[in-house]
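Undergrad: Can you keep this structure in mind? I'll have questions shortly.
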Amino acid sequence: ELLVKTGHWIHTYEHLEKYYPTYHLPEIMSTLSTLENVAKQKCEAELADANGDSSVMESYWNNSKGLPYQKTKGKETDAKQLLDKREDYMNSDSPGIPDGVMVITSMVDLQQGNTTKPARLEFEAWGWGMGEEGWVVDKKVIAGDPTKIETWQKLEDYLETKKYIRKDGLEIPLEMRFFDSGWKPDPVYAFCAGRWRQGYYATKGANQYGSPLIPRKGTLVNNDKTMLIRLGTQEAKGELYARMNLVVEGKKTGTELHFNKTAGENLDTAMEIIA
């Protein structure tokens with residue numbers, strides 16, 4: 001109370017007088033809150049952060065401390081570390097997907113091709129379990145020009161026939177399919193047209209700082225035929241690298257990501273693990 005009555009603002013950067021001043025006051029200065037409440041928020045944020053959930057800490061920094069939050073947990077992981085993380089959870093002797101998988105989603109990337117690799121569609125499916133634990137469960141390269149209908153027909157045929165069976169015998173359906181439209185939107189829009197209710201979505205990276213990883217709602221494009229989801233690429237990279245290193249007190253957390261040994265055969269292709 002004394003701080004509120006006697007405190008005053010000190011102009012720190014007088015040479016920036018021409019700009020609009022901004023004020024950042026922590027919740028501890030508010031008469032509508034208490035020290036107990038602030039301390040509780042801090043403890044909850046630290047506990048969640050230690051368990052791999054940085055969203056609570058971000059909320060604490062923004063709403064309680066009145067400061068911008070900068071993620072520092074996620075750091076780049078070198079190629080050898082990525083290769084060392086590979087596991088042998090799917091092979092010829094045990095082909096089923098892990099029993100922990102409850103939901104499967106996929107992403108398709110369009111590749112123009114070059115002198116060493118031809119034009120193609122690259123399909124990858126992820127299985128998700130409790131606590132957003134994830135496994136790569138399928139990866140398929142569809143050879144062909146991404147602008148040609150016949151290439152997309154090959155993908156359609158694959159999606160219609162592919163089955164995902166857990167090791168315990170339970171079949172898990174492919175729930176949602178995302179298609180990167182950043183390079184060539186027209187063929188993606190055409191393939192997804194009128195199918196968003198069946199889980200077909202076009203995507204595009206939203207590179208603006210602060211863009212959420214997944215927006216609250218999509219945007220209808222292609223004469224309202226296709227649902228476009230703008231993904232926060234910066235947020236995605238930070239989240240990905242953070243989860244690549246999630247080990248708390250010597251134990252793996254629920255949000256751990258798993259990669260099979262078939263991903264990345266050498267250091268030159270190691271980054272395909274997180275493609």
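Starting from 1 in every chain, residues are counted up; chains themselves are A, B, ... following the order of the structure tokens, and ligands are numbered from 1 as listed.
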Would you please give, as a tab-separated table (two decimals) with N, CA, C and O atoms, in the first residue's frame, all residues of segment 162-197 of chain A that DSSP assigns to alpha helix (DSSP H) based on the backbone?

TA:
```
chain	number	residue	atom	x	y	z
A	185	PRO	N	-0.09	-23.17	-53.69
A	185	PRO	CA	-1.39	-23.29	-53.02
A	185	PRO	C	-2.48	-23.92	-53.87
A	185	PRO	O	-3.35	-24.63	-53.33
A	186	ASP	N	-2.48	-23.69	-55.17
A	186	ASP	CA	-3.61	-24.13	-56.01
A	186	ASP	C	-3.86	-25.64	-55.95
A	186	ASP	O	-5.01	-26.07	-55.74
A	187	PRO	N	-2.84	-26.50	-56.15
A	187	PRO	CA	-3.13	-27.94	-56.08
A	187	PRO	C	-3.56	-28.40	-54.69
A	187	PRO	O	-4.36	-29.32	-54.56
A	188	VAL	N	-3.03	-27.73	-53.66
A	188	VAL	CA	-3.43	-28.07	-52.30
A	188	VAL	C	-4.88	-27.69	-52.06
A	188	VAL	O	-5.68	-28.48	-51.53
A	189	TYR	N	-5.24	-26.47	-52.48
A	189	TYR	CA	-6.62	-26.02	-52.31
A	189	TYR	C	-7.59	-26.94	-53.05
A	189	TYR	O	-8.66	-27.27	-52.54
A	190	ALA	N	-7.20	-27.37	-54.24
A	190	ALA	CA	-8.07	-28.24	-55.03
A	190	ALA	C	-8.26	-29.59	-54.36
A	190	ALA	O	-9.37	-30.14	-54.32
A	191	PHE	N	-7.17	-30.15	-53.79
A	191	PHE	CA	-7.24	-31.46	-53.16
A	191	PHE	C	-8.08	-31.42	-51.88
A	191	PHE	O	-8.77	-32.39	-51.55
A	192	CYS	N	-8.01	-30.30	-51.16
A	192	CYS	CA	-8.72	-30.18	-49.89
A	192	CYS	C	-10.12	-29.58	-50.02
A	192	CYS	O	-10.86	-29.51	-49.03
```

Undergrad: Produce a table with one row for each residue of segment 101-201 of chain A that has an atom at most 10 Å from any atom of segment 229-237 of chain A, each row naming the nearest atom pair and its distance in Å at one decimal; use only C-alpha atoms; arrange rows by chain and rising residue number; format as a tab-separated table.

TA:
```
residue	atom	partner	partner_atom	distance
A:Phe178	CA	A:Ile229	CA	8.7
A:Phe179	CA	A:Ile229	CA	9.6
A:Asp180	CA	A:Ile229	CA	9.6
A:Ser181	CA	A:Ile229	CA	9.9
A:Tyr201	CA	A:Ile229	CA	6.8
```

Undergrad: Those residues you just picked out, can you put them in a file as a compact mmCIF listing (two decimals), in the first residue's frame with C-alpha atoms?

TA:
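Result file part.txt:
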```
# COMPACT_ATOMS: atom_id res chain seq x y z
CA PHE A 178 -2.66 -31.12 -43.17
CA PHE A 179 -1.13 -30.00 -46.46
CA ASP A 180 1.51 -27.27 -46.75
CA SER A 181 0.31 -24.72 -49.32
CA TYR A 201 -6.82 -28.75 -44.15
```

Undergrad: Go through A:Leu170, A:Arg197, A:Arg120, A:Ser55 and flag the residue nearest Pro212 of chain A, using only C-alpha atoms for the distances.

TA: A:Ser55

Undergrad: Just to confirm, what's the straight-line distance from atom CA of Trp152 of chain A to atom CA of Val103 of chain A in Å (one decimal)?

TA: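 Rounded to one decimal, the two atoms are 24.1 Å apart.
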
Undergrad: Contacts of Asp99 of chain A at 10 Å or less, counting only C-alpha atoms, minus same-chain residues fewer than 4 places along, as a PDB file with N, CA, C and O atoms, in the first residue's frame?

TA:
```
ATOM      1  N   GLY A 127       1.647 -40.257 -34.396  1.00  0.00           N
ATOM      2  CA  GLY A 127       0.709 -40.790 -33.428  1.00  0.00           C
ATOM      3  C   GLY A 127       0.867 -40.043 -32.119  1.00  0.00           C
ATOM      4  O   GLY A 127       1.987 -39.766 -31.680  1.00  0.00           O
ATOM      5  N   GLY A 129      -0.291 -39.566 -27.932  1.00  0.00           N
ATOM      6  CA  GLY A 129      -0.821 -40.247 -26.759  1.00  0.00           C
ATOM      7  C   GLY A 129      -1.075 -39.288 -25.610  1.00  0.00           C
ATOM      8  O   GLY A 129      -1.235 -38.077 -25.811  1.00  0.00           O
ATOM      9  N   ILE A 165      -2.305 -50.078 -37.210  1.00  0.00           N
ATOM     10  CA  ILE A 165      -2.697 -51.042 -36.191  1.00  0.00           C
ATOM     11  C   ILE A 165      -1.684 -51.008 -35.042  1.00  0.00           C
ATOM     12  O   ILE A 165      -0.477 -51.126 -35.279  1.00  0.00           O
ATOM     13  N   ARG A 166      -2.181 -50.817 -33.838  1.00  0.00           N
ATOM     14  CA  ARG A 166      -1.294 -50.844 -32.676  1.00  0.00           C
ATOM     15  C   ARG A 166      -0.804 -52.258 -32.422  1.00  0.00           C
ATOM     16  O   ARG A 166      -1.363 -53.235 -32.924  1.00  0.00           O
ATOM     17  N   LYS A 167       0.236 -52.371 -31.613  1.00  0.00           N
ATOM     18  CA  LYS A 167       0.797 -53.683 -31.301  1.00  0.00           C
ATOM     19  C   LYS A 167      -0.204 -54.568 -30.554  1.00  0.00           C
ATOM     20  O   LYS A 167      -0.116 -55.792 -30.596  1.00  0.00           O
ATOM     21  N   ASP A 168      -1.166 -53.921 -29.875  1.00  0.00           N
ATOM     22  CA  ASP A 168      -2.183 -54.706 -29.170  1.00  0.00           C
ATOM     23  C   ASP A 168      -3.359 -55.064 -30.070  1.00  0.00           C
ATOM     24  O   ASP A 168      -4.343 -55.647 -29.626  1.00  0.00           O
ATOM     25  N   GLY A 169      -3.296 -54.706 -31.376  1.00  0.00           N
ATOM     26  CA  GLY A 169      -4.324 -55.084 -32.334  1.00  0.00           C
ATOM     27  C   GLY A 169      -5.385 -54.042 -32.611  1.00  0.00           C
ATOM     28  O   GLY A 169      -6.220 -54.220 -33.503  1.00  0.00           O
ATOM     29  N   LEU A 170      -5.388 -52.932 -31.865  1.00  0.00           N
ATOM     30  CA  LEU A 170      -6.400 -51.895 -32.053  1.00  0.00           C
ATOM     31  C   LEU A 170      -6.046 -51.003 -33.242  1.00  0.00           C
ATOM     32  O   LEU A 170      -4.929 -50.509 -33.345  1.00  0.00           O
TER      33      LEU A 170
END
```

Undergrad: Find the spatial neighbours of Leu155 of chain A, counting only C-alpha atoms, within a cut-off of 9 Å - ignore same-chain residues fewer than 6 positions away - and output them as a ChimeraX atom specification.

TA: /A:121,123,142

Undergrad: For Ile104 of chain A, find every residue with an atom within 8 Å (counting only C-alpha atoms), except residues of its own chain fewer than 3 positions away, and show them as an NGL selection string.

TA: :A and (101 or 125-128 or 172-176)

Undergrad: Using only C-alpha atoms, find the one residue out of A:Gly194, A:Ala39, A:Gly210, A:Lys65 that sits nearest to Asn223 of chain A.

TA: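 Smallest separation from Asn223 of chain A among the options: A:Gly194.
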
Undergrad: Can you tell me which residues surround Lys5 of chain A at a distance of at most 12 Å, considering only C-alpha atoms, apart from same-chain residues fewer than 6 positions away, and format the answer as a list in words?

TA: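 Once the nearby chain positions are removed, what remains is Met29, Ser30 and Thr31 of chain A.
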
Undergrad: Just the residues within 12 Å of Glu46 of chain A, please, counting only C-alpha atoms, with nothing from its chain fewer than 5 positions along; format it as a list in words.

TA: Ala39, Lys40, Gln41, Asn51, Gly52, Asp53, Ser54, Ser55, Val56, Met57, Glu58, Ser59, Tyr60 and Trp61 of chain A

Undergrad: For atom CA of Lys204 of chain A and atom CA of Thr147 of chain A, determine how far apart the two atoms are, in Å to one decimal place.

TA: 17.2 Å
